[in-house]
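S.K.: Contents are mmCIF, C-alpha atoms; file name target-v1.cif:
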```
data_target
#
loop_
_atom_site.label_atom_id
_atom_site.label_comp_id
_atom_site.auth_asym_id
_atom_site.auth_seq_id
_atom_site.Cartn_x
_atom_site.Cartn_y
_atom_site.Cartn_z
CA MET A 9 20.23 17.78 48.75
CA ALA A 10 20.79 17.32 45.02
CA ALA A 11 20.67 13.80 43.66
CA SER A 12 24.08 12.54 42.60
CA LEU A 13 25.58 9.90 40.36
CA ASP A 14 28.79 7.96 40.88
CA ILE A 15 30.59 8.24 37.55
CA GLU A 16 33.04 5.39 37.01
CA GLY A 17 36.60 6.60 36.75
CA THR A 18 36.09 9.78 38.78
CA GLN A 19 36.54 10.36 42.48
CA ASP A 20 33.91 13.09 42.81
CA LEU A 21 30.19 12.71 42.90
CA LEU A 22 28.50 14.80 40.21
CA SER A 23 25.04 16.12 40.92
CA VAL A 24 22.32 15.73 38.34
CA SER A 25 21.99 19.51 38.17
CA THR A 26 25.72 19.85 37.40
CA LEU A 27 25.49 17.25 34.66
CA ALA A 28 22.40 18.94 33.23
CA GLN A 29 24.15 22.33 33.20
CA ARG A 30 27.28 20.92 31.55
CA THR A 31 25.40 19.03 28.84
CA SER A 32 23.10 21.98 28.18
CA SER A 33 26.11 24.27 27.80
CA VAL A 34 27.81 21.93 25.33
CA LEU A 35 24.55 21.40 23.41
CA GLU A 36 24.01 25.14 23.17
CA ARG A 37 27.51 25.61 21.73
CA LEU A 38 26.93 22.81 19.22
CA ARG A 39 23.63 24.35 18.14
CA ASP A 40 25.13 27.84 17.93
CA SER A 41 27.96 26.44 15.82
CA ALA A 42 25.51 24.69 13.50
CA ARG A 43 23.40 27.83 13.13
CA SER A 44 26.47 30.02 12.58
CA ALA A 45 27.92 27.63 10.01
CA ARG A 46 24.82 27.91 7.87
CA ALA A 47 23.92 31.54 8.58
CA ASP A 48 25.08 32.60 5.11
CA GLU A 49 23.72 29.55 3.31
CA ARG A 50 20.60 29.74 1.16
CA ARG A 51 18.18 27.57 3.03
CA GLU A 52 15.29 27.97 0.60
CA PRO A 53 15.53 25.12 -1.93
CA THR A 54 16.12 26.06 -5.56
CA PHE A 55 15.59 24.10 -8.77
CA PRO A 56 17.17 24.27 -12.24
CA ILE A 57 14.76 24.89 -15.10
CA GLY A 58 14.56 21.20 -16.06
CA LYS A 59 13.55 20.14 -12.55
CA ALA A 60 11.27 23.17 -12.24
CA ALA A 61 9.47 22.14 -15.44
CA GLU A 62 9.05 18.59 -14.15
CA LEU A 63 7.63 19.79 -10.82
CA VAL A 64 5.34 22.38 -12.41
CA GLY A 65 4.03 19.97 -15.04
CA ARG A 66 5.02 22.01 -18.08
CA THR A 67 8.00 22.01 -20.43
CA ALA A 68 11.06 24.18 -19.99
CA ALA A 69 10.13 25.80 -23.34
CA ALA A 70 6.70 26.75 -21.95
CA ILE A 71 8.36 28.40 -18.94
CA ARG A 72 10.79 30.33 -21.15
CA GLU A 73 7.94 31.45 -23.42
CA ALA A 74 5.91 32.71 -20.44
CA GLU A 75 8.96 34.65 -19.22
CA LYS A 76 9.54 36.07 -22.69
CA ASP A 77 6.01 37.39 -23.12
CA GLY A 78 5.79 38.77 -19.59
CA ARG A 79 3.37 36.28 -18.03
CA LEU A 80 6.17 35.28 -15.67
CA PRO A 81 8.90 37.58 -14.33
CA PRO A 82 12.30 37.26 -16.02
CA PRO A 83 14.51 34.59 -14.45
CA PRO A 84 17.15 35.67 -11.93
CA ARG A 85 20.67 35.59 -13.33
CA THR A 86 24.23 35.75 -12.05
CA GLU A 87 26.72 38.49 -12.95
CA ASN A 88 27.81 36.23 -15.82
CA ASN A 89 24.20 36.16 -17.07
CA ARG A 90 23.75 32.53 -16.07
CA ARG A 91 20.28 31.50 -15.03
CA VAL A 92 19.86 31.00 -11.26
CA GLY A 93 17.71 28.17 -9.91
CA TYR A 94 14.04 28.89 -9.26
CA THR A 95 12.74 29.10 -5.71
CA LEU A 96 9.76 27.11 -4.53
CA ALA A 97 7.73 30.34 -4.36
CA GLN A 98 8.49 30.93 -8.05
CA LEU A 99 7.46 27.36 -8.87
CA ASN A 100 4.16 27.95 -7.11
CA ASP A 101 3.64 31.13 -9.14
CA MET A 102 4.19 29.06 -12.28
CA ARG A 103 1.67 26.49 -11.06
CA GLY A 104 -0.83 29.28 -10.58
CA LEU A 105 -0.24 30.58 -14.12
CA PHE A 106 -0.37 27.16 -15.79
CA GLY A 107 -3.22 25.83 -13.67
CA THR A 108 -1.21 22.90 -12.29
CA ARG A 109 -1.59 23.43 -8.55
CA PRO A 110 -2.32 20.03 -6.97
CA TRP A 111 -4.56 21.43 -4.23
CA ARG A 112 -7.60 19.54 -3.02
CA ALA A 113 -11.04 20.90 -3.86
CA ALA A 114 -12.83 22.80 -1.10
CA THR A 115 -15.24 19.87 -0.82
CA ASP A 116 -12.41 17.35 -0.29
CA PRO A 117 -11.37 16.55 3.29
CA CYS A 118 -8.11 17.90 4.65
CA CYS A 119 -5.73 14.95 5.04
CA VAL A 120 -4.48 14.74 8.64
CA ILE A 121 -1.58 12.28 8.90
CA ALA A 122 -0.19 11.11 12.25
CA VAL A 123 3.35 9.72 11.89
CA GLN A 124 3.20 7.58 14.98
CA ASN A 125 4.87 4.78 16.88
CA PHE A 126 5.15 4.34 20.62
CA LYS A 127 8.92 3.83 20.50
CA GLY A 128 11.58 6.48 20.07
CA GLY A 129 14.46 6.23 17.62
CA VAL A 130 12.41 4.79 14.74
CA GLY A 131 12.83 7.83 12.45
CA LYS A 132 9.44 9.37 13.23
CA SER A 133 10.49 13.04 13.12
CA THR A 134 12.83 12.48 10.17
CA LEU A 135 9.96 10.96 8.21
CA SER A 136 7.48 13.66 9.33
CA VAL A 137 9.67 16.57 8.26
CA HIS A 138 10.81 15.06 4.96
CA LEU A 139 7.20 14.12 4.10
CA ALA A 140 5.99 17.66 4.85
CA GLN A 141 8.79 19.22 2.80
CA TYR A 142 8.29 16.79 -0.10
CA LEU A 143 4.59 17.68 -0.27
CA ALA A 144 5.43 21.40 -0.18
CA ILE A 145 7.90 20.94 -3.05
CA LYS A 146 5.13 19.21 -5.00
CA GLY A 147 2.93 22.27 -4.52
CA TYR A 148 0.59 21.26 -1.71
CA ARG A 149 -0.35 23.53 1.19
CA VAL A 150 1.05 21.82 4.27
CA ALA A 151 1.03 22.33 8.03
CA LEU A 152 3.42 20.37 10.25
CA ILE A 153 2.39 20.29 13.90
CA ASP A 154 5.13 19.23 16.30
CA CYS A 155 3.31 17.62 19.23
CA ASP A 156 6.43 16.15 20.84
CA SER A 157 8.15 18.02 23.69
CA GLN A 158 11.51 16.66 22.45
CA ALA A 159 10.89 19.01 19.48
CA SER A 160 13.05 17.14 16.96
CA ALA A 161 10.91 18.31 14.04
CA THR A 162 11.11 21.90 15.28
CA THR A 163 14.90 21.64 15.56
CA LEU A 164 15.17 20.50 11.94
CA PHE A 165 13.63 23.84 10.92
CA GLY A 166 16.53 25.68 12.53
CA TYR A 167 15.08 26.52 15.93
CA VAL A 168 16.74 25.92 19.28
CA PRO A 169 13.38 25.14 20.91
CA ASP A 170 14.03 26.13 24.49
CA LEU A 171 15.98 29.26 23.54
CA ASP A 172 14.05 30.54 20.52
CA LEU A 173 10.53 29.60 21.64
CA THR A 174 8.31 30.02 24.67
CA GLU A 175 5.37 27.86 25.66
CA GLU A 176 3.10 30.49 24.13
CA ASP A 177 4.52 29.63 20.69
CA THR A 178 3.47 25.97 20.93
CA LEU A 179 0.31 23.88 21.22
CA TYR A 180 0.43 24.38 25.00
CA PRO A 181 -1.90 27.41 25.29
CA PHE A 182 -4.51 25.84 22.99
CA LEU A 183 -4.50 22.55 24.88
CA ARG A 184 -4.63 24.37 28.20
CA HIS A 185 -7.31 27.00 27.54
CA ASP A 186 -10.72 25.78 26.41
CA ASP A 187 -11.77 29.27 25.35
CA MET A 188 -9.12 29.49 22.59
CA GLU A 189 -10.82 28.87 19.26
CA SER A 190 -7.98 28.70 16.72
CA LEU A 191 -4.45 27.35 16.30
CA ASP A 192 -3.63 30.21 13.95
CA TYR A 193 -1.56 32.00 16.62
CA ALA A 194 1.03 29.20 16.62
CA LEU A 195 1.53 28.77 12.85
CA ARG A 196 4.88 29.99 11.55
CA LYS A 197 5.98 30.40 7.95
CA THR A 198 8.99 28.29 7.04
CA HIS A 199 11.68 28.59 4.37
CA PHE A 200 9.58 26.20 2.25
CA ASP A 201 6.86 28.16 0.47
CA GLY A 202 3.46 26.66 1.31
CA LEU A 203 4.70 24.89 4.47
CA GLU A 204 3.86 26.24 7.93
CA LEU A 205 4.99 24.91 11.30
CA VAL A 206 3.48 24.75 14.76
CA PRO A 207 6.65 24.33 16.82
CA ALA A 208 7.23 22.55 20.13
CA ASN A 209 9.55 22.82 23.09
CA LEU A 210 10.08 21.12 26.44
CA ARG A 211 7.23 22.99 28.12
CA LEU A 212 4.79 20.99 26.02
CA PHE A 213 5.60 18.03 28.25
CA GLN A 214 3.80 19.77 31.11
CA SER A 215 0.55 19.66 29.19
CA GLU A 216 0.57 15.84 29.32
CA TYR A 217 0.08 15.95 33.10
CA GLU A 218 -2.42 18.77 32.98
CA ILE A 219 -4.59 17.16 30.30
CA ALA A 220 -4.49 13.76 32.01
CA ALA A 221 -5.48 15.34 35.35
CA ARG A 222 -8.31 17.30 33.77
CA MET A 223 -9.55 14.24 31.87
CA ALA A 224 -9.55 12.27 35.14
CA ARG A 225 -11.71 14.99 36.69
CA GLY A 226 -14.04 14.88 33.69
CA GLN A 227 -13.30 18.47 32.72
CA GLY A 228 -14.22 18.95 29.07
CA ASN A 229 -13.80 16.72 26.03
CA LEU A 230 -10.02 17.22 25.88
CA ILE A 231 -9.41 14.22 23.66
CA ASP A 232 -11.06 16.20 20.84
CA ARG A 233 -8.95 19.29 21.45
CA MET A 234 -6.41 18.54 18.72
CA ALA A 235 -9.16 17.86 16.21
CA GLN A 236 -10.76 21.19 17.11
CA GLY A 237 -7.47 23.00 16.59
CA ILE A 238 -6.89 21.39 13.20
CA ALA A 239 -10.45 22.14 12.13
CA SER A 240 -9.81 25.81 12.90
CA ILE A 241 -7.04 26.03 10.27
CA ALA A 242 -7.91 23.16 7.89
CA ASP A 243 -9.41 25.34 5.17
CA ARG A 244 -5.93 26.78 4.48
CA PHE A 245 -4.19 23.43 3.99
CA ASP A 246 -4.33 20.29 1.90
CA VAL A 247 -2.37 18.16 4.35
CA VAL A 248 -1.63 18.42 8.07
CA VAL A 249 1.25 16.26 9.32
CA LEU A 250 1.32 15.47 13.05
CA ASP A 251 4.51 14.42 14.85
CA PRO A 252 3.29 13.10 18.24
CA PRO A 253 5.29 11.88 21.26
CA PRO A 254 6.57 8.27 21.16
CA ALA A 255 4.21 7.19 23.95
CA LEU A 256 0.52 6.62 24.52
CA GLY A 257 -0.25 9.72 26.57
CA ALA A 258 -2.95 12.35 26.53
CA ILE A 259 -1.45 14.21 23.53
CA SER A 260 -1.01 11.00 21.52
CA LEU A 261 -4.63 10.08 22.16
CA SER A 262 -5.71 13.52 21.02
CA VAL A 263 -3.54 13.14 17.90
CA LEU A 264 -5.00 9.72 17.14
CA ARG A 265 -8.51 11.11 17.51
CA ALA A 266 -7.72 13.99 15.12
CA ALA A 267 -6.00 11.95 12.39
CA ASN A 268 -7.71 10.45 9.36
CA ALA A 269 -4.52 8.68 8.23
CA LEU A 270 -1.72 6.90 10.08
CA VAL A 271 1.87 6.27 8.98
CA VAL A 272 3.95 3.97 11.18
CA PRO A 273 7.76 3.93 10.78
CA VAL A 274 9.25 0.53 11.70
CA PRO A 275 12.99 -0.26 11.54
CA PRO A 276 13.46 -3.96 10.68
CA THR A 277 15.11 -4.97 13.94
CA VAL A 278 13.82 -7.48 16.48
CA MET A 279 13.43 -4.82 19.19
CA ASP A 280 11.61 -2.36 16.93
CA PHE A 281 9.40 -5.04 15.39
CA SER A 282 8.46 -6.26 18.89
CA SER A 283 7.67 -2.72 19.97
CA THR A 284 5.54 -2.19 16.87
CA ALA A 285 3.60 -5.40 17.60
CA ALA A 286 2.92 -4.02 21.09
CA PHE A 287 2.00 -0.65 19.54
CA LEU A 288 -0.55 -2.29 17.23
CA ALA A 289 -2.10 -4.27 20.09
CA MET A 290 -2.31 -1.12 22.19
CA LEU A 291 -3.65 0.85 19.24
CA ASP A 292 -6.38 -1.72 18.66
CA GLU A 293 -7.38 -1.60 22.32
CA THR A 294 -7.32 2.20 22.30
CA ILE A 295 -9.49 2.43 19.18
CA GLU A 296 -12.00 0.04 20.77
CA THR A 297 -12.07 2.16 23.94
CA LEU A 298 -12.57 5.32 21.92
CA ALA A 299 -15.28 3.62 19.87
CA ASP A 300 -17.15 2.72 23.07
CA ARG A 301 -17.22 6.45 23.85
CA GLY A 302 -18.29 7.36 20.32
CA LEU A 303 -14.85 8.80 19.59
CA ALA A 304 -13.30 6.21 17.25
CA PRO A 305 -10.86 7.71 14.73
CA SER A 306 -11.84 7.37 11.09
CA LEU A 307 -8.65 6.29 9.32
CA GLN A 308 -8.71 6.51 5.53
CA PHE A 309 -5.40 4.71 5.25
CA LEU A 310 -2.77 3.01 7.41
CA ARG A 311 0.73 2.61 6.04
CA PHE A 312 3.92 1.11 7.46
CA VAL A 313 7.32 2.45 6.41
CA ALA A 314 10.42 0.30 6.83
CA SER A 315 12.77 2.93 8.24
CA LYS A 316 16.51 3.05 9.00
CA VAL A 317 17.01 -0.04 6.85
CA ASP A 318 20.43 -1.63 6.41
CA GLU A 319 19.97 -4.56 4.02
CA ASN A 320 23.63 -5.52 4.42
CA LYS A 321 22.57 -7.00 7.76
CA SER A 322 21.05 -10.41 7.13
CA MET A 323 18.66 -10.23 10.07
CA GLN A 324 17.26 -6.91 8.83
CA LYS A 325 16.78 -8.36 5.37
CA GLU A 326 14.86 -11.32 6.83
CA LEU A 327 12.70 -9.09 9.01
CA LEU A 328 12.00 -6.77 6.09
CA ASN A 329 10.72 -9.73 4.06
CA LEU A 330 8.62 -10.83 7.04
CA MET A 331 7.14 -7.35 7.39
CA ARG A 332 6.23 -7.32 3.70
CA THR A 333 4.47 -10.66 4.11
CA LEU A 334 2.62 -9.61 7.27
CA PHE A 335 1.62 -6.07 6.26
CA GLY A 336 0.98 -6.79 2.57
CA HIS A 337 -0.18 -3.73 0.63
CA ALA A 338 -0.14 -1.66 3.83
CA ILE A 339 3.65 -1.45 3.78
CA VAL A 340 5.25 1.17 1.54
CA ARG A 341 7.17 -0.66 -1.18
CA THR A 342 10.24 1.57 -0.98
CA PRO A 343 12.33 1.08 2.17
CA LEU A 344 13.73 4.20 3.81
CA LYS A 345 17.31 3.04 4.03
CA ASP A 346 19.82 4.29 6.56
CA SER A 347 21.90 7.01 4.93
CA ALA A 348 24.89 9.09 5.94
CA GLU A 349 23.30 11.91 3.93
CA ILE A 350 20.38 12.11 6.37
CA ASP A 351 22.73 11.91 9.37
CA ASN A 352 24.99 14.65 8.06
CA ALA A 353 22.08 16.92 7.13
CA THR A 354 20.52 16.43 10.55
CA ALA A 355 23.82 17.35 12.22
CA ARG A 356 23.51 20.71 10.42
CA LEU A 357 19.91 21.08 11.68
CA MET A 358 18.77 20.61 8.08
CA THR A 359 17.12 18.03 5.85
CA VAL A 360 18.22 16.37 2.64
CA TYR A 361 15.61 18.34 0.67
CA GLU A 362 17.08 21.71 1.59
CA LEU A 363 20.72 20.89 0.85
CA ASP A 364 21.94 22.38 -2.43
CA GLY A 365 24.50 19.64 -2.90
CA PRO A 366 25.72 16.40 -1.37
CA VAL A 367 27.32 16.37 2.06
CA THR A 368 28.75 12.92 1.39
CA SER A 369 28.93 12.15 -2.34
CA SER A 370 26.63 12.57 -5.31
CA ALA A 371 25.98 8.82 -5.44
CA VAL A 372 25.03 8.63 -1.76
CA ARG A 373 22.84 11.72 -2.03
CA ASN A 374 21.06 10.45 -5.15
CA ARG A 375 20.33 7.09 -3.51
CA CYS A 376 19.04 8.83 -0.41
CA LEU A 377 16.76 11.09 -2.46
CA ALA A 378 15.47 8.05 -4.35
CA TYR A 379 14.49 6.38 -1.06
CA LEU A 380 12.87 9.53 0.33
CA ASP A 381 11.01 10.32 -2.89
CA GLY A 382 9.89 6.71 -3.25
CA VAL A 383 8.39 6.59 0.24
CA ASN A 384 6.81 10.03 0.04
CA SER A 385 5.38 9.56 -3.46
CA GLU A 386 3.50 6.44 -2.35
CA ILE A 387 2.04 8.32 0.60
CA GLU A 388 1.17 11.18 -1.77
CA VAL A 389 -0.96 8.77 -3.84
CA ASP A 390 -2.73 7.63 -0.65
CA ILE A 391 -3.44 11.27 0.19
CA ARG A 392 -4.83 12.06 -3.26
CA SER A 393 -6.97 8.92 -3.14
CA MET A 394 -8.86 10.52 -0.24
CA TRP A 395 -9.97 13.37 -2.49
CA PRO A 396 -12.86 12.77 -4.93
CA SER A 397 -11.61 15.68 -7.05
CA HIS A 398 -8.34 13.80 -7.72
CA LEU A 399 -9.75 10.37 -8.57
CA THR A 400 -10.16 11.03 -12.30
CA ARG A 401 -6.60 12.34 -12.54
CA LEU A 402 -5.26 9.38 -10.59
CA ARG A 403 -6.94 7.01 -13.02
CA LYS A 404 -5.45 8.85 -15.99
CA GLU A 405 -2.04 8.58 -14.33
CA GLY A 406 -2.59 4.85 -13.77
CA LEU A 407 -2.41 5.27 -9.99
CA ALA A 408 -5.98 4.32 -9.09
#
```
Can I see the file as structure tokens?

M.R.:
Amino acid sequence: MAASLDIEGTQDLLSVSTLAQRTSSVLERLRDSARSARADERREPTFPIGKAAELVGRTAAAIREAEKDGRLPPPPRTENNRRVGYTLAQLNDMRGLFGTRPWRAATDPCCVIAVQNFKGGVGKSTLSVHLAQYLAIKGYRVALIDCDSQASATTLFGYVPDLDLTEEDTLYPFLRHDDMESLDYALRKTHFDGLELVPANLRLFQSEYEIAARMARGQGNLIDRMAQGIASIADRFDVVVLDPPPALGAISLSVLRAANALVVPVPPTVMDFSSTAAFLAMLDETIETLADRGLAPSLQFLRFVASKVDENKSMQKELLNLMRTLFGHAIVRTPLKDSAEIDNATARLMTVYELDGPVTSSAVRNRCLAYLDGVNSEIEVDIRSMWPSHLTRLRKEGLA
């Protein structure tokens, strides 16, 4: 007999299966509507020549000169002969020509960042995706691995996870089969040049039970499985961003073991701060346990990001100041403030970085971009500080 719930205000008992079917049907229509609404939109970000010059590290005059003498292809133009914005792929071609690619040297370690907290609703996936896209815009080679069966990061790239993807498209086969040697099968190109995605869907949740059961039986060194997968593709990327589940399970342990950097989003609310305190205590205990087994993660940096901030609320402002005192230099200086621009972009299964114009207003969008860029640029400096080949440049830029 199906389980049932007594819904206040109705006379009938609704089974859980009926509720699941109804909500799934509505969700599918909402997702189809969102995908249809943007089917004709240009999802690949474009940049006017001034912004392109800033991102490439050369002047607009240098770009025009290279186009004029044939070193770069002529710029795309409208029917009225107006210059069209450059795509990210074109910016990367310019970087190749001018020698301004920011890639790590082959001898530098690949930066593997886990964006992690053991509580949902803290902005983990939002931060993961915007960080990955920001780094791609800056010219880095980036992989984003969605390790969470809720698949929020995957959804923000336009997929309906349980309709568009099977378990074979996710981490699931690699975690399940010890004989698989590479994660390459799961990497997908995205509409951001230089950014690839390993997607997730609900079936990934099943792997939590399977891995835990196999670990209990002592079958293989499964806690290293994520690290092995990343190592199999690391030579192609500068940065790998991991979006793990908001819980300390088998996958989260594997993510923690694989990461050499940790970014923790923390909204300045009493509940979220309390949860983060518990997360840190649990993290410390977990690292000690892993260390006893010779498996301690080697973190090059740990950063806290104040996320979903509303400084108009006095309690949030007080907690934000407390967090800055407690975490010191470990907290990113720029708060990631709550913004209607992020909410509206997410409702379209998009991010702020891929929108051509404001959904709300130019002022709101510009403020939102300032927060996102501020947070991500600080993390970018932490990433570059891991690479010996970048240290001289960082000193010249006054960042080290």

S.K.: Please expand the PyMOL selection byres ((chain A and resi 249) around 7) into the concrete residues it hits in this file, giving the result as a PyMOL selection string.

M.R.: chain A and resi 120-122+136+140+151-153+247-248+250-251

S.K.: Can you list, as number ranges by chain, the residues that the PyMOL selection byres ((chain A and resi 206) around 6) selects here?

M.R.: A: 153-154, 194-195, 205, 207

S.K.: Can you write just those residues out, C-alpha atoms, as a short mmCIF file (atom, residue, chain, number, x, y, z; two decimals), in the coordinates of the input?

M.R.:
```cif
data_model
loop_
_atom_site.label_atom_id
_atom_site.label_comp_id
_atom_site.auth_asym_id
_atom_site.auth_seq_id
_atom_site.Cartn_x
_atom_site.Cartn_y
_atom_site.Cartn_z
CA ILE A 153 2.39 20.29 13.90
CA ASP A 154 5.13 19.23 16.30
CA ALA A 194 1.03 29.20 16.62
CA LEU A 195 1.53 28.77 12.85
CA LEU A 205 4.99 24.91 11.30
CA PRO A 207 6.65 24.33 16.82
#
```

S.K.: With the file shown as input, list the residues that the PyMOL selection byres ((chain A and resi 381-384) around 12) selects, as a CSV table (one decimal) with C-alpha atoms, keeping the file's coordinate frame.

M.R.:
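What landed in part-v9.csv:
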```csv
chain,number,residue,atom,x,y,z
A,135,LEU,CA,10.0,11.0,8.2
A,136,SER,CA,7.5,13.7,9.3
A,137,VAL,CA,9.7,16.6,8.3
A,138,HIS,CA,10.8,15.1,5.0
A,139,LEU,CA,7.2,14.1,4.1
A,140,ALA,CA,6.0,17.7,4.8
A,141,GLN,CA,8.8,19.2,2.8
A,142,TYR,CA,8.3,16.8,-0.1
A,143,LEU,CA,4.6,17.7,-0.3
A,144,ALA,CA,5.4,21.4,-0.2
A,145,ILE,CA,7.9,20.9,-3.0
A,146,LYS,CA,5.1,19.2,-5.0
A,271,VAL,CA,1.9,6.3,9.0
A,273,PRO,CA,7.8,3.9,10.8
A,311,ARG,CA,0.7,2.6,6.0
A,312,PHE,CA,3.9,1.1,7.5
A,313,VAL,CA,7.3,2.4,6.4
A,314,ALA,CA,10.4,0.3,6.8
A,315,SER,CA,12.8,2.9,8.2
A,339,ILE,CA,3.6,-1.4,3.8
A,340,VAL,CA,5.2,1.2,1.5
A,341,ARG,CA,7.2,-0.7,-1.2
A,342,THR,CA,10.2,1.6,-1.0
A,343,PRO,CA,12.3,1.1,2.2
A,344,LEU,CA,13.7,4.2,3.8
A,345,LYS,CA,17.3,3.0,4.0
A,360,VAL,CA,18.2,16.4,2.6
A,361,TYR,CA,15.6,18.3,0.7
A,373,ARG,CA,22.8,11.7,-2.0
A,374,ASN,CA,21.1,10.4,-5.2
A,375,ARG,CA,20.3,7.1,-3.5
A,376,CYS,CA,19.0,8.8,-0.4
A,377,LEU,CA,16.8,11.1,-2.5
A,378,ALA,CA,15.5,8.0,-4.4
A,379,TYR,CA,14.5,6.4,-1.1
A,380,LEU,CA,12.9,9.5,0.3
A,385,SER,CA,5.4,9.6,-3.5
A,386,GLU,CA,3.5,6.4,-2.4
A,387,ILE,CA,2.0,8.3,0.6
A,388,GLU,CA,1.2,11.2,-1.8
A,389,VAL,CA,-1.0,8.8,-3.8
A,390,ASP,CA,-2.7,7.6,-0.6
A,391,ILE,CA,-3.4,11.3,0.2
```

S.K.: Can I get the residues of segment 195-271 of chain A within 12 Å of segment 77-97 of chain A, each with the closest pair of atoms and their distance in Å to one decimal, using all atoms listed in the file, sorted chain first then ascending number, as JSON lines?

M.R.:
```
{"residue": "A:Thr198", "atom": "CA", "partner": "A:Ala97", "partner_atom": "CA", "distance": 11.7}
{"residue": "A:His199", "atom": "CA", "partner": "A:Leu96", "partner_atom": "CA", "distance": 9.2}
{"residue": "A:Phe200", "atom": "CA", "partner": "A:Leu96", "partner_atom": "CA", "distance": 6.8}
{"residue": "A:Asp201", "atom": "CA", "partner": "A:Ala97", "partner_atom": "CA", "distance": 5.4}
{"residue": "A:Gly202", "atom": "CA", "partner": "A:Ala97", "partner_atom": "CA", "distance": 8.0}
{"residue": "A:Leu203", "atom": "CA", "partner": "A:Leu96", "partner_atom": "CA", "distance": 10.6}
```

S.K.: Could you pull the residues within 8 Å of Pro252 of chain A, counting all atoms listed in the file, minus those fewer than 5 positions along the same chain, as number ranges by chain?

M.R.: A: 122-124, 154-156, 259-260, 263

S.K.: Given the choices A:Leu407, A:Ala224, A:Leu261, A:Ala355, which gets closest to Ser393 of chain A if the distance is worked out from only C-alpha atoms?

M.R.: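 The shortest atom-to-atom distance to Ser393 of chain A comes from A:Leu407.
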
S.K.: Of the candidates A:Glu36, A:Arg301, A:Leu264, A:Leu99, which shows the shortest atom-to-atom distance to Lys59 of chain A, using all atoms listed in the file?

M.R.: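 The closest residue to Lys59 of chain A is A:Leu99.
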
S.K.: Could you check which of A:Ile241, A:Ala114, A:Leu256, A:Val274 is closest to Val317 of chain A, using all atoms listed in the file?

M.R.: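 Among the listed residues, the smallest separation from Val317 of chain A belongs to A:Val274.
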
S.K.: Mind checking which residues fall within 12 Å of Asp364 of chain A, counting all atoms listed in the file, ignoring those fewer than 5 positions away in the same chain, and posting them as number ranges by chain?

M.R.: A: 49-56, 93, 95, 353, 358-359, 370, 373

S.K.: By how many Å are atom CA of Asp116 of chain A and atom CA of Met102 of chain A apart?

M.R.: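 Distance between the two atoms: 23.6 Å.
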
S.K.: Name the closest residue to Gln236 of chain A among the candidates A:Arg265, A:Arg109, A:Arg211, A:Arg72; distances are taken between atoms, counting all atoms listed in the file.

M.R.: A:Arg265

S.K.: Using only C-alpha atoms, which of A:Leu357, A:Thr174, A:Cys118, A:Tyr167 sits nearest Ala235 of chain A?

M.R.: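 Between A:Leu357, A:Thr174, A:Cys118, A:Tyr167, the residue approaching Ala235 of chain A most closely is A:Cys118.
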
S.K.: Separation of atom CA of Arg392 of chain A and atom CA of Glu293 of chain A, in Å?

M.R.: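 Calculated distance between atom CA of Arg392 of chain A and atom CA of Glu293 of chain A is 29.1 Å.
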
S.K.: Distance atom CA of Met290 of chain A-atom CA of Glu326 of chain A, one decimal place?

M.R.: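 Taking atom CA of Met290 of chain A as the start and atom CA of Glu326 of chain A as the end point, the length is 25.2 Å.
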
S.K.: Under the rule that only C-alpha atoms are counted, which of A:Gly147, A:Gly237, A:Pro253, A:Pro275 is the nearest residue to Ala159 of chain A?

M.R.: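 When distances to Ala159 of chain A are compared using only C-alpha atoms, the smallest one comes from A:Pro253.
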
S.K.: Can you pull out the residues contacting Thr277 of chain A? Cut-off 12 Å, using all atoms listed in the file, and skip same-chain residues under 5 positions away; I want them as a list in words.

M.R.: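 Once the adjacent positions are removed, what remains is Gly129, Val130, Ser282, Ser283, Thr284, Ala314, Ser315, Lys316, Val317, Asp318, Glu319, Lys321, Ser322, Met323, Gln324, Lys325, Glu326, Leu327, Leu328, Asn329, Leu330 and Met331 of chain A.
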
S.K.: Those residues with C-alpha atoms, as an mmCIF file, in the coordinates of the input please?

M.R.:
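Generated file (part.cif):
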```cif
data_model
loop_
_atom_site.group_PDB
_atom_site.id
_atom_site.type_symbol
_atom_site.label_atom_id
_atom_site.label_comp_id
_atom_site.auth_asym_id
_atom_site.auth_seq_id
_atom_site.Cartn_x
_atom_site.Cartn_y
_atom_site.Cartn_z
ATOM 1 C CA GLY A 129 14.460 6.230 17.620
ATOM 2 C CA VAL A 130 12.410 4.790 14.740
ATOM 3 C CA SER A 282 8.460 -6.260 18.890
ATOM 4 C CA SER A 283 7.670 -2.720 19.970
ATOM 5 C CA THR A 284 5.540 -2.190 16.870
ATOM 6 C CA ALA A 314 10.420 0.300 6.830
ATOM 7 C CA SER A 315 12.770 2.930 8.240
ATOM 8 C CA LYS A 316 16.510 3.050 9.000
ATOM 9 C CA VAL A 317 17.010 -0.040 6.850
ATOM 10 C CA ASP A 318 20.430 -1.630 6.410
ATOM 11 C CA GLU A 319 19.970 -4.560 4.020
ATOM 12 C CA LYS A 321 22.570 -7.000 7.760
ATOM 13 C CA SER A 322 21.050 -10.410 7.130
ATOM 14 C CA MET A 323 18.660 -10.230 10.070
ATOM 15 C CA GLN A 324 17.260 -6.910 8.830
ATOM 16 C CA LYS A 325 16.780 -8.360 5.370
ATOM 17 C CA GLU A 326 14.860 -11.320 6.830
ATOM 18 C CA LEU A 327 12.700 -9.090 9.010
ATOM 19 C CA LEU A 328 12.000 -6.770 6.090
ATOM 20 C CA ASN A 329 10.720 -9.730 4.060
ATOM 21 C CA LEU A 330 8.620 -10.830 7.040
ATOM 22 C CA MET A 331 7.140 -7.350 7.390
#
```

S.K.: Near Phe245 of chain A, within 6 Å and counting only C-alpha atoms, which residues show up once chain neighbours fewer than 2 positions away are dropped, as an mmCIF file with C-alpha atoms, in the coordinates of the input?

M.R.:
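To be explicit, this is the file written out as out.cif:
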```cif
data_model
loop_
_atom_site.group_PDB
_atom_site.id
_atom_site.type_symbol
_atom_site.label_atom_id
_atom_site.label_comp_id
_atom_site.auth_asym_id
_atom_site.auth_seq_id
_atom_site.Cartn_x
_atom_site.Cartn_y
_atom_site.Cartn_z
ATOM 1 C CA ARG A 149 -0.350 23.530 1.190
ATOM 2 C CA VAL A 150 1.050 21.820 4.270
ATOM 3 C CA ALA A 242 -7.910 23.160 7.890
ATOM 4 C CA ASP A 243 -9.410 25.340 5.170
ATOM 5 C CA VAL A 247 -2.370 18.160 4.350
#
```
